[in-house]
>>> print(open('final-v3.cif').read())   # mmCIF, C-alpha atoms
data_work
loop_
_atom_site.group_PDB
_atom_site.id
_atom_site.type_symbol
_atom_site.label_atom_id
_atom_site.label_comp_id
_atom_site.auth_asym_id
_atom_site.auth_seq_id
_atom_site.Cartn_x
_atom_site.Cartn_y
_atom_site.Cartn_z
ATOM 1 C CA MET N 1163 43.403 -42.720 45.534
ATOM 2 C CA PRO N 1164 41.471 -45.573 43.824
ATOM 3 C CA ARG N 1165 38.634 -44.438 41.658
ATOM 4 C CA LYS N 1166 35.218 -45.165 43.201
ATOM 5 C CA PHE N 1167 32.854 -47.433 41.298
ATOM 6 C CA PRO N 1168 29.468 -45.676 40.786
ATOM 7 C CA VAL N 1169 26.882 -47.204 43.086
ATOM 8 C CA THR N 1170 24.128 -47.134 40.475
ATOM 9 C CA LEU N 1171 26.329 -48.924 37.951
ATOM 10 C CA LEU N 1172 27.322 -51.508 40.535
ATOM 11 C CA LEU N 1173 23.671 -52.219 41.355
ATOM 12 C CA PHE N 1174 22.906 -52.556 37.650
ATOM 13 C CA VAL N 1175 25.732 -55.045 37.131
ATOM 14 C CA LEU N 1176 24.645 -57.101 40.135
ATOM 15 C CA ALA N 1177 20.993 -57.108 39.044
ATOM 16 C CA THR N 1178 21.981 -58.174 35.544
ATOM 17 C CA ALA N 1179 24.112 -61.043 36.860
ATOM 18 C CA VAL N 1180 21.262 -62.290 39.048
ATOM 19 C CA SER N 1181 18.754 -62.168 36.203
ATOM 20 C CA VAL N 1182 21.044 -64.143 33.889
ATOM 21 C CA ALA N 1183 21.699 -66.776 36.550
ATOM 22 C CA ALA N 1184 17.973 -67.131 37.233
ATOM 23 C CA GLU N 1185 16.857 -67.860 33.672
ATOM 24 C CA ILE N 1186 16.769 -71.194 31.834
ATOM 25 C CA LYS N 1187 15.581 -71.499 28.235
ATOM 26 C CA VAL N 1188 13.827 -74.850 27.830
ATOM 27 C CA ALA N 1189 12.358 -76.527 24.744
ATOM 28 C CA THR N 1190 10.946 -79.834 23.573
ATOM 29 C CA LEU N 1191 11.031 -81.333 20.084
ATOM 30 C CA ASN N 1192 9.723 -84.562 18.593
ATOM 31 C CA CYS N 1193 12.351 -85.382 15.956
ATOM 32 C CA PHE N 1194 10.101 -87.587 13.757
ATOM 33 C CA LEU N 1195 12.104 -90.810 13.479
ATOM 34 C CA LEU N 1196 15.630 -89.477 13.783
ATOM 35 C CA PHE N 1197 17.303 -92.801 12.947
ATOM 36 C CA ASP N 1198 20.864 -93.038 11.662
ATOM 37 C CA PRO N 1199 20.500 -95.194 8.509
ATOM 38 C CA ARG N 1200 23.853 -96.888 9.216
ATOM 39 C CA ILE N 1201 22.465 -98.469 12.402
ATOM 40 C CA GLU N 1202 20.030 -101.372 12.685
ATOM 41 C CA HIS N 1203 17.503 -100.301 15.308
ATOM 42 C CA ARG N 1204 14.972 -102.237 17.308
ATOM 43 C CA GLY N 1205 11.460 -102.057 15.881
ATOM 44 C CA LYS N 1206 10.261 -101.541 12.336
ATOM 45 C CA LEU N 1207 9.790 -97.787 12.040
ATOM 46 C CA ASP N 1208 13.204 -96.959 10.634
ATOM 47 C CA GLU N 1209 12.883 -99.760 8.068
ATOM 48 C CA GLN N 1210 9.597 -98.322 6.833
ATOM 49 C CA GLN N 1211 10.875 -94.754 6.431
ATOM 50 C CA ARG N 1212 14.646 -95.134 6.243
ATOM 51 C CA MET N 1213 16.588 -92.095 5.081
ATOM 52 C CA SER N 1214 19.743 -91.907 3.035
ATOM 53 C CA LEU N 1215 22.874 -90.729 4.824
ATOM 54 C CA ALA N 1216 22.599 -87.394 2.997
ATOM 55 C CA GLN N 1217 19.011 -86.968 4.217
ATOM 56 C CA TYR N 1218 20.052 -87.879 7.764
ATOM 57 C CA ASN N 1219 22.794 -85.258 7.816
ATOM 58 C CA GLU N 1220 20.406 -82.678 6.369
ATOM 59 C CA LYS N 1221 17.869 -83.564 9.052
ATOM 60 C CA LEU N 1222 20.437 -83.062 11.814
ATOM 61 C CA SER N 1223 21.187 -79.555 10.518
ATOM 62 C CA ASN N 1224 17.497 -78.750 10.171
ATOM 63 C CA LEU N 1225 16.604 -79.899 13.682
ATOM 64 C CA ALA N 1226 19.580 -78.051 15.149
ATOM 65 C CA SER N 1227 18.252 -74.848 13.587
ATOM 66 C CA LEU N 1228 14.934 -75.313 15.426
ATOM 67 C CA ILE N 1229 16.513 -75.569 18.877
ATOM 68 C CA ARG N 1230 19.274 -72.990 18.540
ATOM 69 C CA GLY N 1231 19.555 -70.666 21.550
ATOM 70 C CA TYR N 1232 18.020 -73.034 24.109
ATOM 71 C CA ASP N 1233 19.752 -74.288 27.251
ATOM 72 C CA VAL N 1234 17.833 -77.533 27.782
ATOM 73 C CA VAL N 1235 15.978 -79.471 25.069
ATOM 74 C CA GLY N 1236 13.935 -82.652 25.489
ATOM 75 C CA LEU N 1237 13.957 -84.956 22.435
ATOM 76 C CA GLN N 1238 11.566 -87.669 21.328
ATOM 77 C CA GLU N 1239 11.608 -90.173 18.440
ATOM 78 C CA THR N 1240 15.363 -90.645 18.236
ATOM 79 C CA GLY N 1241 17.144 -93.912 17.568
ATOM 80 C CA GLY N 1242 19.257 -93.664 20.710
ATOM 81 C CA ARG N 1243 22.705 -92.588 21.831
ATOM 82 C CA ALA N 1244 24.239 -92.112 18.366
ATOM 83 C CA GLU N 1245 21.463 -89.811 17.184
ATOM 84 C CA VAL N 1246 21.265 -87.829 20.441
ATOM 85 C CA ASP N 1247 25.023 -87.280 20.395
ATOM 86 C CA ALA N 1248 24.999 -86.346 16.692
ATOM 87 C CA LEU N 1249 22.281 -83.736 17.179
ATOM 88 C CA ALA N 1250 24.042 -82.432 20.293
ATOM 89 C CA ALA N 1251 27.253 -81.943 18.321
ATOM 90 C CA LYS N 1252 25.405 -80.199 15.495
ATOM 91 C CA ALA N 1253 23.649 -77.871 17.967
ATOM 92 C CA GLY N 1254 26.789 -77.151 20.022
ATOM 93 C CA MET N 1255 25.348 -78.849 23.107
ATOM 94 C CA GLN N 1256 25.883 -81.977 25.195
ATOM 95 C CA GLY N 1257 23.622 -85.002 24.994
ATOM 96 C CA LEU N 1258 22.147 -87.404 27.552
ATOM 97 C CA TRP N 1259 20.457 -90.710 26.856
ATOM 98 C CA VAL N 1260 19.499 -93.863 28.739
ATOM 99 C CA LYS N 1261 18.222 -96.924 26.920
ATOM 100 C CA GLY N 1262 14.449 -97.342 27.100
ATOM 101 C CA ASN N 1263 12.416 -100.508 26.683
ATOM 102 C CA ASP N 1264 10.149 -99.772 23.713
ATOM 103 C CA THR N 1265 10.981 -102.713 21.455
ATOM 104 C CA ALA N 1266 7.967 -102.166 19.178
ATOM 105 C CA THR N 1267 8.984 -98.794 17.729
ATOM 106 C CA GLY N 1268 12.670 -98.583 18.619
ATOM 107 C CA GLU N 1269 12.151 -94.933 19.541
ATOM 108 C CA GLU N 1270 14.147 -93.337 22.362
ATOM 109 C CA VAL N 1271 14.020 -90.028 24.217
ATOM 110 C CA GLY N 1272 17.013 -87.878 25.115
ATOM 111 C CA LEU N 1273 18.037 -84.505 26.465
ATOM 112 C CA LEU N 1274 20.434 -81.842 25.178
ATOM 113 C CA TYR N 1275 21.878 -79.140 27.398
ATOM 114 C CA LYS N 1276 24.274 -76.227 27.453
ATOM 115 C CA LEU N 1277 24.166 -74.652 30.905
ATOM 116 C CA PRO N 1278 27.422 -73.067 32.074
ATOM 117 C CA GLY N 1279 27.742 -73.258 35.830
ATOM 118 C CA TRP N 1280 25.409 -76.238 36.107
ATOM 119 C CA ARG N 1281 26.395 -79.872 36.391
ATOM 120 C CA VAL N 1282 24.461 -83.053 35.753
ATOM 121 C CA THR N 1283 24.260 -85.172 38.902
ATOM 122 C CA SER N 1284 22.274 -88.047 37.385
ATOM 123 C CA ALA N 1285 20.610 -89.227 34.173
ATOM 124 C CA SER N 1286 18.513 -92.359 34.443
ATOM 125 C CA ARG N 1287 15.169 -94.019 34.210
ATOM 126 C CA THR N 1288 13.147 -93.822 37.394
ATOM 127 C CA PRO N 1289 11.673 -96.917 39.102
ATOM 128 C CA GLU N 1290 8.359 -95.183 39.810
ATOM 129 C CA LEU N 1291 7.712 -94.846 36.066
ATOM 130 C CA ASP N 1292 9.688 -97.721 34.608
ATOM 131 C CA ARG N 1293 6.872 -100.259 34.538
ATOM 132 C CA ILE N 1294 4.305 -98.069 32.821
ATOM 133 C CA LEU N 1295 6.347 -95.587 30.752
ATOM 134 C CA SER N 1296 8.735 -97.206 28.285
ATOM 135 C CA LYS N 1297 10.061 -93.896 26.921
ATOM 136 C CA HIS N 1298 11.301 -91.514 29.606
ATOM 137 C CA LEU N 1299 14.509 -89.981 30.919
ATOM 138 C CA LEU N 1300 15.044 -88.249 34.260
ATOM 139 C CA VAL N 1301 17.923 -85.761 34.495
ATOM 140 C CA GLU N 1302 18.940 -84.017 37.710
ATOM 141 C CA MET N 1303 21.048 -80.847 37.540
ATOM 142 C CA GLN N 1304 22.365 -78.361 40.054
ATOM 143 C CA ASN N 1305 24.514 -75.278 40.436
ATOM 144 C CA SER N 1306 25.605 -73.361 43.526
ATOM 145 C CA ASP N 1307 22.077 -72.065 44.191
ATOM 146 C CA HIS N 1308 19.579 -74.182 42.270
ATOM 147 C CA ARG N 1309 18.506 -77.766 41.840
ATOM 148 C CA ALA N 1310 16.310 -79.043 39.016
ATOM 149 C CA LEU N 1311 14.693 -82.218 37.695
ATOM 150 C CA PHE N 1312 13.907 -82.567 33.980
ATOM 151 C CA LEU N 1313 11.664 -85.492 33.055
ATOM 152 C CA VAL N 1314 11.546 -86.133 29.296
ATOM 153 C CA ILE N 1315 8.550 -88.233 28.240
ATOM 154 C CA HIS N 1316 6.861 -89.710 25.175
ATOM 155 C CA LEU N 1317 3.436 -91.151 25.911
ATOM 156 C CA ILE N 1318 1.533 -93.681 23.846
ATOM 157 C CA ARG N 1319 -1.429 -92.574 21.738
ATOM 158 C CA PRO N 1320 -4.786 -92.767 23.588
ATOM 159 C CA ILE N 1321 -6.591 -94.869 20.981
ATOM 160 C CA ASP N 1322 -8.360 -98.233 21.039
ATOM 161 C CA ASN N 1323 -6.833 -100.645 23.561
ATOM 162 C CA GLN N 1324 -4.092 -98.148 24.458
ATOM 163 C CA LEU N 1325 -6.486 -95.634 26.005
ATOM 164 C CA ALA N 1326 -6.378 -97.203 29.469
ATOM 165 C CA LYS N 1327 -2.589 -97.381 29.445
ATOM 166 C CA HIS N 1328 -2.358 -93.738 28.336
ATOM 167 C CA HIS N 1329 -4.411 -92.717 31.380
ATOM 168 C CA GLN N 1330 -2.217 -94.898 33.590
ATOM 169 C CA GLN N 1331 0.837 -93.084 32.261
ATOM 170 C CA LEU N 1332 -0.714 -89.712 33.099
ATOM 171 C CA GLU N 1333 -1.551 -90.904 36.608
ATOM 172 C CA ALA N 1334 1.942 -92.310 37.128
ATOM 173 C CA ILE N 1335 3.525 -88.991 36.191
ATOM 174 C CA LYS N 1336 1.062 -87.154 38.422
ATOM 175 C CA THR N 1337 1.981 -89.377 41.362
ATOM 176 C CA TRP N 1338 5.687 -88.915 40.651
ATOM 177 C CA MET N 1339 5.320 -85.121 40.507
ATOM 178 C CA ARG N 1340 3.366 -85.059 43.762
ATOM 179 C CA TYR N 1341 6.007 -87.105 45.543
ATOM 180 C CA GLN N 1342 8.958 -85.113 44.207
ATOM 181 C CA HIS N 1343 7.382 -81.778 45.071
ATOM 182 C CA ALA N 1344 6.445 -82.936 48.575
ATOM 183 C CA THR N 1345 9.916 -84.360 49.176
ATOM 184 C CA HIS N 1346 11.845 -81.469 47.576
ATOM 185 C CA PRO N 1347 9.573 -78.389 47.694
ATOM 186 C CA GLY N 1348 12.433 -76.064 46.727
ATOM 187 C CA TRP N 1349 13.417 -77.945 43.579
ATOM 188 C CA LEU N 1350 12.471 -76.965 40.058
ATOM 189 C CA ILE N 1351 10.560 -79.797 38.351
ATOM 190 C CA VAL N 1352 9.962 -79.720 34.592
ATOM 191 C CA VAL N 1353 8.090 -82.419 32.675
ATOM 192 C CA LEU N 1354 8.476 -82.039 28.918
ATOM 193 C CA GLY N 1355 7.802 -84.043 25.805
ATOM 194 C CA ASP N 1356 5.221 -85.488 23.457
ATOM 195 C CA THR N 1357 2.103 -86.426 25.427
ATOM 196 C CA ASN N 1358 -0.011 -87.440 22.398
ATOM 197 C CA SER N 1359 -2.882 -85.736 24.228
ATOM 198 C CA THR N 1360 -5.121 -82.858 23.184
ATOM 199 C CA LEU N 1361 -6.713 -82.421 26.621
ATOM 200 C CA VAL N 1362 -6.155 -78.991 28.160
ATOM 201 C CA GLU N 1363 -7.143 -77.554 31.525
ATOM 202 C CA ARG N 1364 -6.534 -73.904 32.279
ATOM 203 C CA GLY N 1365 -5.086 -73.136 35.673
ATOM 204 C CA SER N 1366 -3.604 -76.621 36.021
ATOM 205 C CA SER N 1367 -1.879 -79.096 33.734
ATOM 206 C CA LEU N 1368 -2.418 -82.393 31.982
ATOM 207 C CA PHE N 1369 -0.943 -84.057 35.070
ATOM 208 C CA GLY N 1370 -2.983 -82.156 37.657
ATOM 209 C CA PHE N 1371 0.066 -80.290 39.007
ATOM 210 C CA GLY N 1372 2.148 -77.394 37.785
ATOM 211 C CA VAL N 1373 1.759 -74.807 35.052
ATOM 212 C CA GLU N 1374 1.692 -75.589 31.348
ATOM 213 C CA ALA N 1375 3.895 -73.448 29.132
ATOM 214 C CA GLY N 1376 1.348 -73.757 26.334
ATOM 215 C CA GLU N 1377 -1.412 -72.110 28.350
ATOM 216 C CA SER N 1378 0.188 -68.680 27.909
ATOM 217 C CA ILE N 1379 -0.150 -69.046 24.118
ATOM 218 C CA ASP N 1380 -3.629 -70.624 24.199
ATOM 219 C CA PHE N 1381 -2.258 -74.106 23.504
ATOM 220 C CA GLN N 1382 -1.312 -73.370 19.932
ATOM 221 C CA PRO N 1383 -0.757 -76.484 17.783
ATOM 222 C CA THR N 1384 2.593 -78.260 17.931
ATOM 223 C CA HIS N 1385 1.862 -80.787 15.174
ATOM 224 C CA LEU N 1386 0.960 -80.673 11.502
ATOM 225 C CA ASN N 1387 -2.519 -82.022 12.285
ATOM 226 C CA ARG N 1388 -3.103 -78.871 14.401
ATOM 227 C CA SER N 1389 -2.972 -80.665 17.773
ATOM 228 C CA ALA N 1390 -1.117 -79.493 20.893
ATOM 229 C CA TYR N 1391 0.611 -82.789 21.659
ATOM 230 C CA ASP N 1392 3.897 -81.352 22.904
ATOM 231 C CA ARG N 1393 3.842 -79.988 26.456
ATOM 232 C CA MET N 1394 6.116 -78.477 29.078
ATOM 233 C CA VAL N 1395 4.902 -78.395 32.681
ATOM 234 C CA LEU N 1396 6.643 -76.462 35.432
ATOM 235 C CA LEU N 1397 6.278 -77.221 39.139
ATOM 236 C CA GLY N 1398 8.204 -75.387 41.815
ATOM 237 C CA PRO N 1399 9.667 -71.897 42.307
ATOM 238 C CA GLY N 1400 9.676 -70.572 38.763
ATOM 239 C CA THR N 1401 7.444 -69.042 36.090
ATOM 240 C CA TRP N 1402 7.132 -69.341 32.305
ATOM 241 C CA HIS N 1403 7.969 -66.375 30.084
ATOM 242 C CA ASN N 1404 8.266 -65.797 26.340
ATOM 243 C CA VAL N 1405 6.736 -69.126 25.348
ATOM 244 C CA GLU N 1406 6.806 -69.676 21.595
ATOM 245 C CA ILE N 1407 6.369 -72.263 18.888
ATOM 246 C CA LYS N 1408 8.641 -72.595 15.876
ATOM 247 C CA ALA N 1409 7.480 -74.666 12.927
ATOM 248 C CA PRO N 1410 9.690 -75.997 10.132
ATOM 249 C CA PRO N 1411 9.712 -73.828 6.995
ATOM 250 C CA TYR N 1412 6.955 -75.596 5.089
ATOM 251 C CA ASP N 1413 3.236 -75.075 4.522
ATOM 252 C CA ASN N 1414 0.329 -77.063 5.970
ATOM 253 C CA ARG N 1415 0.815 -79.952 3.533
ATOM 254 C CA PRO N 1416 4.509 -80.510 2.984
ATOM 255 C CA PRO N 1417 5.600 -83.304 0.633
ATOM 256 C CA ALA N 1418 6.712 -86.445 2.441
ATOM 257 C CA ALA N 1419 10.372 -86.000 1.460
ATOM 258 C CA LEU N 1420 10.485 -82.481 2.897
ATOM 259 C CA LYS N 1421 8.709 -83.482 6.084
ATOM 260 C CA ARG N 1422 11.101 -86.410 6.506
ATOM 261 C CA VAL N 1423 14.212 -84.215 6.631
ATOM 262 C CA TRP N 1424 12.494 -81.898 9.119
ATOM 263 C CA THR N 1425 9.757 -83.203 11.434
ATOM 264 C CA ASP N 1426 5.973 -83.298 11.643
ATOM 265 C CA HIS N 1427 6.112 -81.571 15.057
ATOM 266 C CA PHE N 1428 6.890 -77.958 15.928
ATOM 267 C CA ARG N 1429 9.370 -76.861 18.562
ATOM 268 C CA LEU N 1430 7.796 -75.633 21.811
ATOM 269 C CA GLY N 1431 10.085 -73.418 23.880
ATOM 270 C CA GLY N 1432 10.051 -70.903 26.705
ATOM 271 C CA GLU N 1433 12.074 -69.222 29.426
ATOM 272 C CA ILE N 1434 11.870 -70.278 33.061
ATOM 273 C CA ILE N 1435 12.512 -67.394 35.458
ATOM 274 C CA LEU N 1436 13.469 -68.741 38.862
ATOM 275 C CA ASN N 1437 12.061 -66.927 41.883
ATOM 276 C CA PRO N 1438 14.675 -64.801 43.687
ATOM 277 C CA SER N 1439 14.111 -66.747 46.908
ATOM 278 C CA PHE N 1440 14.856 -70.089 45.214
ATOM 279 C CA ARG N 1441 17.849 -71.788 46.847
ATOM 280 C CA ARG N 1442 19.167 -75.288 46.334
ATOM 281 C CA GLU N 1443 18.488 -77.881 49.034
ATOM 282 C CA HIS N 1444 21.634 -79.756 50.068
#
>>> encode(input="final-v3.cif", output="structure tokens")
Amino acid sequence: MPRKFPVTLLLFVLATAVSVAAEIKVATLNCFLLFDPRIEHRGKLDEQQRMSLAQYNEKLSNLASLIRGYDVVGLQETGGRAEVDALAAKAGMQGLWVKGNDTATGEEVGLLYKLPGWRVTSASRTPELDRILSKHLLVEMQNSDHRALFLVIHLIRPIDNQLAKHHQQLEAIKTWMRYQHATHPGWLIVVLGDTNSTLVERGSSLFGFGVEAGESIDFQPTHLNRSAYDRMVLLGPGTWHNVEIKAPPYDNRPPAALKRVWTDHFRLGGEIILNPSFRREH
């Protein structure tokens, strides 16, 4: 007669499988001018602080160490496809990139992922944000039960004549979030990246919707100048857990050469626990 499987053990195995399937570890990292020195980029930033090839390879290893263990990582201040793919390979992940339209800096955003059981259904810029937000990437993913949107952003600094445009960018993202949530109330929506903003509002977010990961750790700094520029905002059927910040291994005033092969930002990361009732809309 076949041996019976203990009911308590079976329930434990099933509960464990559900909990693993319902967790996504998400992070964001500004890479501080991750430009391959063998490539001529748009803009002047890589010319002003160009690395040697040895420094570039060291930087890739250093950045990979900051994001190890995460399933989805938003990137800012990369040179484009070559750099996103190189960091993805170093981190054992896959990379996504779509060309932006910031010709002044030459900076691009990207996304890395390693999510078994999930597939990417699209990676693109979105028309609702294209006019106002030169650096963004929208990635849609799904598995058998869940559907998610990850919007990677890098906003301009709110100084001088750029202040009005910075506010317009915030409003555009707010409008986009409102529309997506109203149209797809069961989807997970995550906005992540460098906002260049120090404004915080407890119980809401910089965009007026969703929950900020940084609120659970009192908006600890994510930059060497002690500002909380880097944000992750969650809207939809999920909650943040185990939010943390990881800084490069240097003190408050690292020499320029050391900072260059790391970054001047800190990695912000956290776990998203999807609600048990969350099911993908077809």
>>> residues_around(input="final-v3.cif", residues="N:Asn1387", least_positions_apart="3", cutoff="9 Å", atoms="all atoms listed in the file", output="list in words")
Pro1383, Thr1384, Asn1414 and Asp1426 of chain N
>>> closest_residue(input="final-v3.cif", among="N:Thr1425, N:Gln1324, N:Ser1286, N:Gln1238", to="N:His1385", atoms="only C-alpha atoms")
N:Thr1425
>>> resolve_selection(input="final-v3.cif", expression="the PyMOL selection byres ((chain N and resi 1343) around 12)", output="PDB file with C-alpha atoms, keeping the file's coordinate frame")
ATOM      1  CA  ALA N1310      16.310 -79.043  39.016  1.00  0.00           C
ATOM      2  CA  LEU N1311      14.693 -82.218  37.695  1.00  0.00           C
ATOM      3  CA  LYS N1336       1.062 -87.154  38.422  1.00  0.00           C
ATOM      4  CA  THR N1337       1.981 -89.377  41.362  1.00  0.00           C
ATOM      5  CA  TRP N1338       5.687 -88.915  40.651  1.00  0.00           C
ATOM      6  CA  MET N1339       5.320 -85.121  40.507  1.00  0.00           C
ATOM      7  CA  ARG N1340       3.366 -85.059  43.762  1.00  0.00           C
ATOM      8  CA  TYR N1341       6.007 -87.105  45.543  1.00  0.00           C
ATOM      9  CA  GLN N1342       8.958 -85.113  44.207  1.00  0.00           C
ATOM     10  CA  ALA N1344       6.445 -82.936  48.575  1.00  0.00           C
ATOM     11  CA  THR N1345       9.916 -84.360  49.176  1.00  0.00           C
ATOM     12  CA  HIS N1346      11.845 -81.469  47.576  1.00  0.00           C
ATOM     13  CA  PRO N1347       9.573 -78.389  47.694  1.00  0.00           C
ATOM     14  CA  GLY N1348      12.433 -76.064  46.727  1.00  0.00           C
ATOM     15  CA  TRP N1349      13.417 -77.945  43.579  1.00  0.00           C
ATOM     16  CA  LEU N1350      12.471 -76.965  40.058  1.00  0.00           C
ATOM     17  CA  ILE N1351      10.560 -79.797  38.351  1.00  0.00           C
ATOM     18  CA  VAL N1352       9.962 -79.720  34.592  1.00  0.00           C
ATOM     19  CA  PHE N1371       0.066 -80.290  39.007  1.00  0.00           C
ATOM     20  CA  GLY N1372       2.148 -77.394  37.785  1.00  0.00           C
ATOM     21  CA  LEU N1396       6.643 -76.462  35.432  1.00  0.00           C
ATOM     22  CA  LEU N1397       6.278 -77.221  39.139  1.00  0.00           C
ATOM     23  CA  GLY N1398       8.204 -75.387  41.815  1.00  0.00           C
ATOM     24  CA  PRO N1399       9.667 -71.897  42.307  1.00  0.00           C
TER      25      PRO N1399
END
>>> closest_residue(input="final-v3.cif", among="N:Gln1382, N:Arg1319, N:Glu1406, N:Ile1335", to="N:Leu1295", atoms="all atoms listed in the file")
N:Ile1335
>>> closest_residue(input="final-v3.cif", among="N:Arg1230, N:Lys1276, N:Lys1187, N:Lys1221", to="N:Ala1419", atoms="all atoms listed in the file")
N:Lys1221
>>> closest_residue(input="final-v3.cif", among="N:Gln1330, N:Thr1267, N:Asn1323, N:Ser1306", to="N:Trp1280", atoms="all atoms listed in the file")
N:Ser1306
>>> closest_residue(input="final-v3.cif", among="N:Leu1291, N:Val1362, N:Leu1222, N:Ala1390", to="N:Gly1262", atoms="all atoms listed in the file")
N:Leu1291
>>> closest_residue(input="final-v3.cif", among="N:Ile1379, N:Val1405, N:Val1353, N:Val1235", to="N:Ser1367", atoms="all atoms listed in the file")
N:Val1353
>>> resolve_selection(input="final-v3.cif", expression="the PyMOL selection byres ((chain N and resi 1272) around 8)", output="ChimeraX atom specification")
/N:1236-1238,1240,1242,1246,1257-1260,1270-1271,1273-1274,1299,1314
>>> write_last_selection(input="final-v3.cif", atoms="C-alpha atoms", output="compact mmCIF listing (two decimals), keeping the file's coordinate frame")
# COMPACT_ATOMS: atom_id res chain seq x y z
CA GLY N 1236 13.94 -82.65 25.49
CA LEU N 1237 13.96 -84.96 22.44
CA GLN N 1238 11.57 -87.67 21.33
CA THR N 1240 15.36 -90.64 18.24
CA GLY N 1242 19.26 -93.66 20.71
CA VAL N 1246 21.26 -87.83 20.44
CA GLY N 1257 23.62 -85.00 24.99
CA LEU N 1258 22.15 -87.40 27.55
CA TRP N 1259 20.46 -90.71 26.86
CA VAL N 1260 19.50 -93.86 28.74
CA GLU N 1270 14.15 -93.34 22.36
CA VAL N 1271 14.02 -90.03 24.22
CA LEU N 1273 18.04 -84.50 26.46
CA LEU N 1274 20.43 -81.84 25.18
CA LEU N 1299 14.51 -89.98 30.92
CA VAL N 1314 11.55 -86.13 29.30
>>> resolve_selection(input="final-v3.cif", expression="the PyMOL selection byres ((chain N and resi 1378) around 10)", output="list in words")
Arg1364, Val1373, Glu1374, Ala1375, Gly1376, Glu1377, Ile1379, Asp1380, Phe1381, Gln1382, Trp1402, His1403, Asn1404, Val1405 and Glu1406 of chain N
>>> closest_atom_pairs(input="final-v3.cif", of="stretch 1239-1343 of chain N", to="stretch 1213-1219 of chain N", cutoff="10 Å", atoms="only C-alpha atoms", output="CSV")
residue,atom,partner,partner_atom,distance
N:Glu1245,CA,N:Tyr1218,CA,9.7
N:Ala1248,CA,N:Asn1219,CA,9.2
N:Leu1249,CA,N:Asn1219,CA,9.5
N:Lys1252,CA,N:Asn1219,CA,9.6
>>> residues_around(input="final-v3.cif", residues="stretch 1198-1205 of chain N", least_positions_apart="5", cutoff="6 Å", atoms="only C-alpha atoms", output="mmCIF file with C-alpha atoms, keeping the file's coordinate frame")
data_model
loop_
_atom_site.group_PDB
_atom_site.id
_atom_site.type_symbol
_atom_site.label_atom_id
_atom_site.label_comp_id
_atom_site.auth_asym_id
_atom_site.auth_seq_id
_atom_site.Cartn_x
_atom_site.Cartn_y
_atom_site.Cartn_z
ATOM 1 C CA THR N 1265 10.981 -102.713 21.455
ATOM 2 C CA ALA N 1266 7.967 -102.166 19.178
ATOM 3 C CA THR N 1267 8.984 -98.794 17.729
ATOM 4 C CA GLY N 1268 12.670 -98.583 18.619
#
>>> atom_distance(input="final-v3.cif", atom1="atom CA of N:Val1395", atom2="atom CA of N:Leu1354")
6.3 Å
>>> atom_distance(input="final-v3.cif", atom1="atom CA of N:Pro1411", atom2="atom CA of N:Met1255")
23.0 Å
>>> atom_distance(input="final-v3.cif", atom1="atom CA of N:Trp1424", atom2="atom CA of N:Glu1220")
8.4 Å
